[in-house]
Every structure is written in C-alpha cells, then in structure tokens.
>>> print(open('entry_7.cif').read())   # mmCIF, N, CA and C atoms
data_coords
#
loop_
_atom_site.label_atom_id
_atom_site.label_comp_id
_atom_site.auth_asym_id
_atom_site.auth_seq_id
_atom_site.Cartn_x
_atom_site.Cartn_y
_atom_site.Cartn_z
N ARG A 1 178.05 182.05 217.00
CA ARG A 1 177.03 182.94 216.46
C ARG A 1 175.72 182.77 217.24
N LYS A 2 175.04 183.88 217.49
CA LYS A 2 173.79 183.84 218.23
C LYS A 2 172.69 183.23 217.38
N ASP A 3 171.72 182.63 218.06
CA ASP A 3 170.54 182.14 217.36
C ASP A 3 169.79 183.34 216.79
N PRO A 4 169.18 183.18 215.61
CA PRO A 4 168.42 184.30 215.07
C PRO A 4 167.20 184.58 215.94
N PRO A 5 166.79 185.83 216.03
CA PRO A 5 165.62 186.16 216.85
C PRO A 5 164.35 185.55 216.25
N ASP A 6 163.37 185.36 217.09
CA ASP A 6 162.08 184.83 216.64
C ASP A 6 161.44 185.83 215.68
N PRO A 7 161.11 185.41 214.46
CA PRO A 7 160.52 186.35 213.50
C PRO A 7 159.19 186.93 213.97
N HIS A 8 158.44 186.17 214.76
CA HIS A 8 157.18 186.70 215.29
C HIS A 8 157.45 187.89 216.21
N ALA A 9 158.46 187.75 217.07
CA ALA A 9 158.81 188.83 217.99
C ALA A 9 159.34 190.04 217.24
N VAL A 10 160.14 189.80 216.21
CA VAL A 10 160.71 190.91 215.43
C VAL A 10 159.59 191.74 214.80
N LEU A 11 158.58 191.06 214.25
CA LEU A 11 157.48 191.76 213.60
C LEU A 11 156.38 192.18 214.56
N GLY A 12 156.40 191.62 215.77
CA GLY A 12 155.37 191.97 216.75
C GLY A 12 154.04 191.31 216.45
N VAL A 13 154.08 190.07 215.92
CA VAL A 13 152.84 189.33 215.66
C VAL A 13 152.84 188.05 216.48
N ARG A 14 151.67 187.50 216.69
CA ARG A 14 151.55 186.26 217.44
C ARG A 14 151.82 185.08 216.51
N PRO A 15 152.31 183.98 217.04
CA PRO A 15 152.41 182.77 216.22
C PRO A 15 151.01 182.41 215.70
N GLY A 16 150.93 182.03 214.47
CA GLY A 16 149.64 181.72 213.86
C GLY A 16 148.97 182.93 213.24
N ALA A 17 149.66 184.08 213.22
CA ALA A 17 149.09 185.28 212.59
C ALA A 17 148.84 185.01 211.11
N SER A 18 147.81 185.63 210.58
CA SER A 18 147.47 185.45 209.17
C SER A 18 148.49 186.15 208.29
N PRO A 19 148.58 185.75 207.02
CA PRO A 19 149.49 186.46 206.10
C PRO A 19 149.20 187.96 206.05
N ARG A 20 147.93 188.33 206.13
CA ARG A 20 147.57 189.75 206.11
C ARG A 20 148.10 190.47 207.35
N GLU A 21 147.94 189.86 208.52
CA GLU A 21 148.46 190.45 209.76
C GLU A 21 149.98 190.60 209.70
N ILE A 22 150.64 189.60 209.16
CA ILE A 22 152.10 189.63 209.04
C ILE A 22 152.52 190.77 208.13
N ARG A 23 151.86 190.91 206.99
CA ARG A 23 152.20 191.97 206.03
C ARG A 23 151.95 193.36 206.63
N ILE A 24 150.83 193.53 207.30
CA ILE A 24 150.52 194.83 207.91
C ILE A 24 151.56 195.19 208.96
N ALA A 25 151.94 194.21 209.79
CA ALA A 25 152.96 194.46 210.82
C ALA A 25 154.30 194.80 210.18
N PHE A 26 154.65 194.08 209.13
CA PHE A 26 155.91 194.33 208.42
C PHE A 26 155.94 195.76 207.87
N LEU A 27 154.90 196.16 207.18
CA LEU A 27 154.87 197.50 206.59
C LEU A 27 154.92 198.59 207.67
N ALA A 28 154.22 198.37 208.77
CA ALA A 28 154.23 199.36 209.85
C ALA A 28 155.62 199.49 210.46
N ARG A 29 156.28 198.35 210.71
CA ARG A 29 157.63 198.39 211.30
C ARG A 29 158.63 198.99 210.32
N CYS A 30 158.45 198.72 209.02
CA CYS A 30 159.36 199.29 208.02
C CYS A 30 159.34 200.82 208.08
N LYS A 31 158.17 201.38 208.26
CA LYS A 31 158.07 202.84 208.35
C LYS A 31 158.85 203.37 209.54
N GLU A 32 158.91 202.58 210.61
CA GLU A 32 159.62 203.00 211.82
C GLU A 32 161.13 202.93 211.68
N VAL A 33 161.64 201.95 210.93
CA VAL A 33 163.09 201.72 210.93
C VAL A 33 163.76 201.85 209.57
N HIS A 34 163.03 202.21 208.53
CA HIS A 34 163.65 202.29 207.20
C HIS A 34 164.84 203.26 207.24
N PRO A 35 165.95 202.86 206.62
CA PRO A 35 167.16 203.70 206.65
C PRO A 35 166.95 205.11 206.08
N ASP A 36 166.03 205.26 205.14
CA ASP A 36 165.79 206.59 204.58
C ASP A 36 165.14 207.54 205.59
N GLY A 37 164.54 206.99 206.64
CA GLY A 37 163.89 207.82 207.65
C GLY A 37 164.87 208.67 208.43
N ASP A 38 166.07 208.16 208.63
CA ASP A 38 167.13 208.90 209.33
C ASP A 38 168.47 208.35 208.84
N PRO A 39 168.96 208.87 207.72
CA PRO A 39 170.21 208.35 207.16
C PRO A 39 171.42 208.44 208.09
N SER A 40 171.35 209.28 209.11
CA SER A 40 172.48 209.42 210.02
C SER A 40 172.52 208.31 211.08
N ASP A 41 171.48 207.48 211.14
CA ASP A 41 171.42 206.39 212.13
C ASP A 41 171.79 205.07 211.46
N PRO A 42 173.03 204.60 211.66
CA PRO A 42 173.47 203.37 210.98
C PRO A 42 172.74 202.12 211.47
N SER A 43 172.15 202.15 212.64
CA SER A 43 171.47 200.96 213.15
C SER A 43 170.17 200.67 212.39
N ARG A 44 169.64 201.68 211.72
CA ARG A 44 168.40 201.49 210.97
C ARG A 44 168.57 200.46 209.86
N HIS A 45 169.72 200.45 209.22
CA HIS A 45 169.96 199.49 208.14
C HIS A 45 169.90 198.06 208.68
N GLU A 46 170.58 197.82 209.79
CA GLU A 46 170.58 196.49 210.39
C GLU A 46 169.18 196.07 210.85
N ARG A 47 168.45 196.99 211.45
CA ARG A 47 167.10 196.68 211.92
C ARG A 47 166.17 196.41 210.74
N PHE A 48 166.36 197.15 209.64
CA PHE A 48 165.55 196.93 208.45
C PHE A 48 165.82 195.55 207.85
N LEU A 49 167.10 195.16 207.79
CA LEU A 49 167.44 193.84 207.28
C LEU A 49 166.84 192.74 208.15
N LEU A 50 166.86 192.94 209.45
CA LEU A 50 166.27 191.97 210.37
C LEU A 50 164.77 191.82 210.12
N LEU A 51 164.10 192.95 209.89
CA LEU A 51 162.67 192.91 209.57
C LEU A 51 162.42 192.15 208.28
N ALA A 52 163.23 192.44 207.27
CA ALA A 52 163.06 191.78 205.97
C ALA A 52 163.25 190.27 206.10
N GLU A 53 164.24 189.86 206.88
CA GLU A 53 164.47 188.43 207.10
C GLU A 53 163.30 187.79 207.84
N ALA A 54 162.78 188.47 208.83
CA ALA A 54 161.64 187.94 209.59
C ALA A 54 160.42 187.82 208.69
N TYR A 55 160.19 188.83 207.87
CA TYR A 55 159.04 188.79 206.95
C TYR A 55 159.20 187.65 205.95
N ALA A 56 160.38 187.48 205.42
CA ALA A 56 160.63 186.40 204.46
C ALA A 56 160.39 185.04 205.12
N ALA A 57 160.85 184.90 206.36
CA ALA A 57 160.68 183.62 207.06
C ALA A 57 159.20 183.30 207.29
N LEU A 58 158.41 184.32 207.62
CA LEU A 58 157.01 184.07 207.93
C LEU A 58 156.11 184.07 206.70
N SER A 59 156.56 184.66 205.61
CA SER A 59 155.71 184.70 204.42
C SER A 59 156.02 183.58 203.44
N THR A 60 157.04 182.77 203.76
CA THR A 60 157.35 181.61 202.94
C THR A 60 156.37 180.50 203.30
N PRO A 61 155.75 179.88 202.30
CA PRO A 61 154.81 178.79 202.62
C PRO A 61 155.48 177.72 203.47
N HIS A 62 154.78 177.29 204.48
CA HIS A 62 155.21 176.24 205.40
C HIS A 62 156.45 176.62 206.20
N ALA A 63 156.70 177.89 206.38
CA ALA A 63 157.85 178.32 207.18
C ALA A 63 157.70 177.78 208.60
N GLY A 64 158.76 177.21 209.08
CA GLY A 64 158.76 176.69 210.44
C GLY A 64 158.09 175.34 210.59
N THR A 65 157.60 174.78 209.49
CA THR A 65 156.99 173.46 209.55
C THR A 65 158.03 172.42 209.22
N PRO A 66 158.23 171.44 210.09
CA PRO A 66 159.24 170.42 209.79
C PRO A 66 158.84 169.59 208.58
N PRO A 67 159.80 169.18 207.77
CA PRO A 67 159.47 168.37 206.59
C PRO A 67 158.92 167.01 207.00
N ARG A 68 158.05 166.48 206.17
CA ARG A 68 157.49 165.15 206.42
C ARG A 68 158.37 164.10 205.78
N ASP A 69 158.44 162.94 206.42
CA ASP A 69 159.21 161.82 205.85
C ASP A 69 158.32 160.95 204.99
#
>>> encode(input="entry_7.cif", output="structure tokens")
Amino acid sequence: RKDPPDPHAVLGVRPGASPREIRIAFLARCKEVHPDGDPSDPSRHERFLLLAEAYAALSTPHAGTPPRD
C-alpha cells in the first residue's frame, strides 16, 4: 500500500498553517471536488474523501506530533 499523501499538500497549506488557514483551504477545495458538483465524475468522491482525511489529520490537536515518553 502507498504511503498516504501529505495532508498539507492535499489541502494546499504550508506546514505550520493556522487552524483558520486550514479550515479556509479545506472549504475552498471542497467546493472544487464535492461529488454533488458533478455526479457523473466518480473521481470526485475519492478526492473528497482524501480532503476530509487531510482536514481531520491537520485539525486534530497535536496531529503529527510524536508522543512524549
């Protein structure tokens, strides 16, 4: 299985982006790829799920931070 894509790249934000920047980028990208925008395009569903996963990864507190011992 391939490594998951970088959530920053998926959303088009820089590492260290603020929660507000992440949310704005997520909403903008959703408008571009939401499955309802073109129901005849099956790839939209997959791209939308990828966006949702990237947003969840970046909006979770301490995402990408290694646990402390």
>>> closest_residue(input="entry_7.cif", among="A:His8, A:Ala57, A:Leu49, A:Ile22", to="Pro35 (chain A)", atoms="only C-alpha atoms")
A:Leu49
>>> atom_distance(input="entry_7.cif", atom1="atom N of His45 (chain A)", atom2="atom C of Gly16 (chain A)")
27.5 Å
>>> resolve_selection(input="entry_7.cif", expression="the PyMOL selection byres (((chain A and resi 23 and name CA) around 12) and name CA)", output="PyMOL selection string")
chain A and resi 8+11-13+17-22+24-30+51-52+54-60
>>> atom_distance(input="entry_7.cif", atom1="CA of His34 (chain A)", atom2="CA of Glu46 (chain A)")
9.6 Å
>>> atom_distance(input="entry_7.cif", atom1="atom C of Pro4 (chain A)", atom2="CA of Leu50 (chain A)")
9.3 Å
>>> select_by_dssp(input="entry_7.cif", residues="chain A", states="alpha helix (DSSP H)", output="number ranges by chain")
A: 7-11, 19-33, 43-59
>>> write_last_selection(input="entry_7.cif", atoms="N, CA and C atoms", output="mmCIF file, keeping the file's coordinate frame")
data_model
loop_
_atom_site.group_PDB
_atom_site.id
_atom_site.type_symbol
_atom_site.label_atom_id
_atom_site.label_comp_id
_atom_site.auth_asym_id
_atom_site.auth_seq_id
_atom_site.Cartn_x
_atom_site.Cartn_y
_atom_site.Cartn_z
ATOM 1 N N PRO A 7 161.110 185.410 214.460
ATOM 2 C CA PRO A 7 160.520 186.350 213.500
ATOM 3 C C PRO A 7 159.190 186.930 213.970
ATOM 4 N N HIS A 8 158.440 186.170 214.760
ATOM 5 C CA HIS A 8 157.180 186.700 215.290
ATOM 6 C C HIS A 8 157.450 187.890 216.210
ATOM 7 N N ALA A 9 158.460 187.750 217.070
ATOM 8 C CA ALA A 9 158.810 188.830 217.990
ATOM 9 C C ALA A 9 159.340 190.040 217.240
ATOM 10 N N VAL A 10 160.140 189.800 216.210
ATOM 11 C CA VAL A 10 160.710 190.910 215.430
ATOM 12 C C VAL A 10 159.590 191.740 214.800
ATOM 13 N N LEU A 11 158.580 191.060 214.250
ATOM 14 C CA LEU A 11 157.480 191.760 213.600
ATOM 15 C C LEU A 11 156.380 192.180 214.560
ATOM 16 N N PRO A 19 148.580 185.750 207.020
ATOM 17 C CA PRO A 19 149.490 186.460 206.100
ATOM 18 C C PRO A 19 149.200 187.960 206.050
ATOM 19 N N ARG A 20 147.930 188.330 206.130
ATOM 20 C CA ARG A 20 147.570 189.750 206.110
ATOM 21 C C ARG A 20 148.100 190.470 207.350
ATOM 22 N N GLU A 21 147.940 189.860 208.520
ATOM 23 C CA GLU A 21 148.460 190.450 209.760
ATOM 24 C C GLU A 21 149.980 190.600 209.700
ATOM 25 N N ILE A 22 150.640 189.600 209.160
ATOM 26 C CA ILE A 22 152.100 189.630 209.040
ATOM 27 C C ILE A 22 152.520 190.770 208.130
ATOM 28 N N ARG A 23 151.860 190.910 206.990
ATOM 29 C CA ARG A 23 152.200 191.970 206.030
ATOM 30 C C ARG A 23 151.950 193.360 206.630
ATOM 31 N N ILE A 24 150.830 193.530 207.300
ATOM 32 C CA ILE A 24 150.520 194.830 207.910
ATOM 33 C C ILE A 24 151.560 195.190 208.960
ATOM 34 N N ALA A 25 151.940 194.210 209.790
ATOM 35 C CA ALA A 25 152.960 194.460 210.820
ATOM 36 C C ALA A 25 154.300 194.800 210.180
ATOM 37 N N PHE A 26 154.650 194.080 209.130
ATOM 38 C CA PHE A 26 155.910 194.330 208.420
ATOM 39 C C PHE A 26 155.940 195.760 207.870
ATOM 40 N N LEU A 27 154.900 196.160 207.180
ATOM 41 C CA LEU A 27 154.870 197.500 206.590
ATOM 42 C C LEU A 27 154.920 198.590 207.670
ATOM 43 N N ALA A 28 154.220 198.370 208.770
ATOM 44 C CA ALA A 28 154.230 199.360 209.850
ATOM 45 C C ALA A 28 155.620 199.490 210.460
ATOM 46 N N ARG A 29 156.280 198.350 210.710
ATOM 47 C CA ARG A 29 157.630 198.390 211.300
ATOM 48 C C ARG A 29 158.630 198.990 210.320
ATOM 49 N N CYS A 30 158.450 198.720 209.020
ATOM 50 C CA CYS A 30 159.360 199.290 208.020
ATOM 51 C C CYS A 30 159.340 200.820 208.080
ATOM 52 N N LYS A 31 158.170 201.380 208.260
ATOM 53 C CA LYS A 31 158.070 202.840 208.350
ATOM 54 C C LYS A 31 158.850 203.370 209.540
ATOM 55 N N GLU A 32 158.910 202.580 210.610
ATOM 56 C CA GLU A 32 159.620 203.000 211.820
ATOM 57 C C GLU A 32 161.130 202.930 211.680
ATOM 58 N N VAL A 33 161.640 201.950 210.930
ATOM 59 C CA VAL A 33 163.090 201.720 210.930
ATOM 60 C C VAL A 33 163.760 201.850 209.570
ATOM 61 N N SER A 43 172.150 202.150 212.640
ATOM 62 C CA SER A 43 171.470 200.960 213.150
ATOM 63 C C SER A 43 170.170 200.670 212.390
ATOM 64 N N ARG A 44 169.640 201.680 211.720
ATOM 65 C CA ARG A 44 168.400 201.490 210.970
ATOM 66 C C ARG A 44 168.570 200.460 209.860
ATOM 67 N N HIS A 45 169.720 200.450 209.220
ATOM 68 C CA HIS A 45 169.960 199.490 208.140
ATOM 69 C C HIS A 45 169.900 198.060 208.680
ATOM 70 N N GLU A 46 170.580 197.820 209.790
ATOM 71 C CA GLU A 46 170.580 196.490 210.390
ATOM 72 C C GLU A 46 169.180 196.070 210.850
ATOM 73 N N ARG A 47 168.450 196.990 211.450
ATOM 74 C CA ARG A 47 167.100 196.680 211.920
ATOM 75 C C ARG A 47 166.170 196.410 210.740
ATOM 76 N N PHE A 48 166.360 197.150 209.640
ATOM 77 C CA PHE A 48 165.550 196.930 208.450
ATOM 78 C C PHE A 48 165.820 195.550 207.850
ATOM 79 N N LEU A 49 167.100 195.160 207.790
ATOM 80 C CA LEU A 49 167.440 193.840 207.280
ATOM 81 C C LEU A 49 166.840 192.740 208.150
ATOM 82 N N LEU A 50 166.860 192.940 209.450
ATOM 83 C CA LEU A 50 166.270 191.970 210.370
ATOM 84 C C LEU A 50 164.770 191.820 210.120
ATOM 85 N N LEU A 51 164.100 192.950 209.890
ATOM 86 C CA LEU A 51 162.670 192.910 209.570
ATOM 87 C C LEU A 51 162.420 192.150 208.280
ATOM 88 N N ALA A 52 163.230 192.440 207.270
ATOM 89 C CA ALA A 52 163.060 191.780 205.970
ATOM 90 C C ALA A 52 163.250 190.270 206.100
ATOM 91 N N GLU A 53 164.240 189.860 206.880
ATOM 92 C CA GLU A 53 164.470 188.430 207.100
ATOM 93 C C GLU A 53 163.300 187.790 207.840
ATOM 94 N N ALA A 54 162.780 188.470 208.830
ATOM 95 C CA ALA A 54 161.640 187.940 209.590
ATOM 96 C C ALA A 54 160.420 187.820 208.690
ATOM 97 N N TYR A 55 160.190 188.830 207.870
ATOM 98 C CA TYR A 55 159.040 188.790 206.950
ATOM 99 C C TYR A 55 159.200 187.650 205.950
ATOM 100 N N ALA A 56 160.380 187.480 205.420
ATOM 101 C CA ALA A 56 160.630 186.400 204.460
ATOM 102 C C ALA A 56 160.390 185.040 205.120
ATOM 103 N N ALA A 57 160.850 184.900 206.360
ATOM 104 C CA ALA A 57 160.680 183.620 207.060
ATOM 105 C C ALA A 57 159.200 183.300 207.290
ATOM 106 N N LEU A 58 158.410 184.320 207.620
ATOM 107 C CA LEU A 58 157.010 184.070 207.930
ATOM 108 C C LEU A 58 156.110 184.070 206.700
ATOM 109 N N SER A 59 156.560 184.660 205.610
ATOM 110 C CA SER A 59 155.710 184.700 204.420
ATOM 111 C C SER A 59 156.020 183.580 203.440
#
>>> residues_around(input="entry_7.cif", residues="Arg44 (chain A)", least_positions_apart="4", cutoff="9 Å", atoms="only C-alpha atoms", output="JSON, numbers by chain")
{"A": [32, 33, 34, 35, 36, 37, 38, 39, 40, 48, 49]}
>>> decode(input="entry_7.cif", residues="chain A", atoms="C-alpha atoms", output="PDB file, in the first residue's frame")
ATOM      1  CA  ARG A   1       0.000   0.000   0.000  1.00  0.00           C
ATOM      2  CA  LYS A   2       1.217   3.502  -0.829  1.00  0.00           C
ATOM      3  CA  ASP A   3       2.068   5.985   1.879  1.00  0.00           C
ATOM      4  CA  PRO A   4      -0.756   8.455   2.438  1.00  0.00           C
ATOM      5  CA  PRO A   5      -0.200  11.830   0.783  1.00  0.00           C
ATOM      6  CA  ASP A   6       0.962  14.756   2.882  1.00  0.00           C
ATOM      7  CA  PRO A   7      -2.182  16.427   4.273  1.00  0.00           C
ATOM      8  CA  HIS A   8      -0.589  19.856   3.844  1.00  0.00           C
ATOM      9  CA  ALA A   9      -0.099  19.209   0.132  1.00  0.00           C
ATOM     10  CA  VAL A  10      -3.630  17.823  -0.245  1.00  0.00           C
ATOM     11  CA  LEU A  11      -5.130  20.981   1.261  1.00  0.00           C
ATOM     12  CA  GLY A  12      -2.579  23.323  -0.298  1.00  0.00           C
ATOM     13  CA  VAL A  13      -1.389  24.809   3.002  1.00  0.00           C
ATOM     14  CA  ARG A  14       2.092  25.248   4.416  1.00  0.00           C
ATOM     15  CA  PRO A  15       3.261  23.253   7.419  1.00  0.00           C
ATOM     16  CA  GLY A  16       2.506  25.348  10.482  1.00  0.00           C
ATOM     17  CA  ALA A  17      -0.641  26.844   8.937  1.00  0.00           C
ATOM     18  CA  SER A  18      -3.132  28.137  11.486  1.00  0.00           C
ATOM     19  CA  PRO A  19      -6.385  26.265  12.156  1.00  0.00           C
ATOM     20  CA  ARG A  20      -8.209  29.099  10.373  1.00  0.00           C
ATOM     21  CA  GLU A  21      -5.993  28.791   7.276  1.00  0.00           C
ATOM     22  CA  ILE A  22      -6.515  25.025   7.256  1.00  0.00           C
ATOM     23  CA  ARG A  23     -10.302  25.382   7.504  1.00  0.00           C
ATOM     24  CA  ILE A  24     -10.456  28.025   4.763  1.00  0.00           C
ATOM     25  CA  ALA A  25      -8.343  25.856   2.445  1.00  0.00           C
ATOM     26  CA  PHE A  26     -10.485  22.807   3.218  1.00  0.00           C
ATOM     27  CA  LEU A  27     -13.744  24.608   2.449  1.00  0.00           C
ATOM     28  CA  ALA A  28     -12.359  26.073  -0.778  1.00  0.00           C
ATOM     29  CA  ARG A  29     -11.101  22.682  -2.003  1.00  0.00           C
ATOM     30  CA  CYS A  30     -14.405  21.033  -1.039  1.00  0.00           C
ATOM     31  CA  LYS A  31     -16.230  23.375  -3.390  1.00  0.00           C
ATOM     32  CA  GLU A  32     -13.898  22.264  -6.187  1.00  0.00           C
ATOM     33  CA  VAL A  33     -14.232  18.497  -5.712  1.00  0.00           C
ATOM     34  CA  HIS A  34     -17.512  17.815  -3.887  1.00  0.00           C
ATOM     35  CA  PRO A  35     -19.299  14.882  -5.551  1.00  0.00           C
ATOM     36  CA  ASP A  36     -22.526  16.886  -5.871  1.00  0.00           C
ATOM     37  CA  GLY A  37     -20.703  19.333  -8.162  1.00  0.00           C
ATOM     38  CA  ASP A  38     -20.557  16.737 -10.944  1.00  0.00           C
ATOM     39  CA  PRO A  39     -22.275  13.460 -10.051  1.00  0.00           C
ATOM     40  CA  SER A  40     -21.084  11.893 -13.319  1.00  0.00           C
ATOM     41  CA  ASP A  41     -17.416  12.155 -12.213  1.00  0.00           C
ATOM     42  CA  PRO A  42     -16.650   9.179  -9.928  1.00  0.00           C
ATOM     43  CA  SER A  43     -13.195  10.524  -9.028  1.00  0.00           C
ATOM     44  CA  ARG A  44     -14.782  13.404  -7.116  1.00  0.00           C
ATOM     45  CA  HIS A  45     -15.878  11.064  -4.331  1.00  0.00           C
ATOM     46  CA  GLU A  46     -12.340   9.747  -3.825  1.00  0.00           C
ATOM     47  CA  ARG A  47     -10.830  13.239  -3.935  1.00  0.00           C
ATOM     48  CA  PHE A  48     -13.420  14.480  -1.435  1.00  0.00           C
ATOM     49  CA  LEU A  49     -12.602  11.632   0.963  1.00  0.00           C
ATOM     50  CA  LEU A  50      -8.902  12.433   0.639  1.00  0.00           C
ATOM     51  CA  LEU A  51      -9.621  16.067   1.528  1.00  0.00           C
ATOM     52  CA  ALA A  52     -11.700  15.030   4.527  1.00  0.00           C
ATOM     53  CA  GLU A  53      -8.905  12.758   5.775  1.00  0.00           C
ATOM     54  CA  ALA A  54      -6.322  15.514   5.338  1.00  0.00           C
ATOM     55  CA  TYR A  55      -8.511  18.003   7.188  1.00  0.00           C
ATOM     56  CA  ALA A  56      -9.100  15.545  10.022  1.00  0.00           C
ATOM     57  CA  ALA A  57      -5.370  14.876  10.306  1.00  0.00           C
ATOM     58  CA  LEU A  58      -4.499  18.567  10.497  1.00  0.00           C
ATOM     59  CA  SER A  59      -7.387  19.684  12.681  1.00  0.00           C
ATOM     60  CA  THR A  60      -6.784  17.043  15.346  1.00  0.00           C
ATOM     61  CA  PRO A  61      -4.895  18.555  18.287  1.00  0.00           C
ATOM     62  CA  HIS A  62      -1.213  17.631  18.199  1.00  0.00           C
ATOM     63  CA  ALA A  63      -1.531  15.927  14.809  1.00  0.00           C
ATOM     64  CA  GLY A  64       1.855  14.857  13.605  1.00  0.00           C
ATOM     65  CA  THR A  65       3.469  15.460  16.981  1.00  0.00           C
ATOM     66  CA  PRO A  66       5.273  12.412  18.330  1.00  0.00           C
ATOM     67  CA  PRO A  67       4.109  11.286  21.774  1.00  0.00           C
ATOM     68  CA  ARG A  68       6.292  12.153  24.738  1.00  0.00           C
ATOM     69  CA  ASP A  69       7.737   9.450  26.971  1.00  0.00           C
TER      70      ASP A  69
END
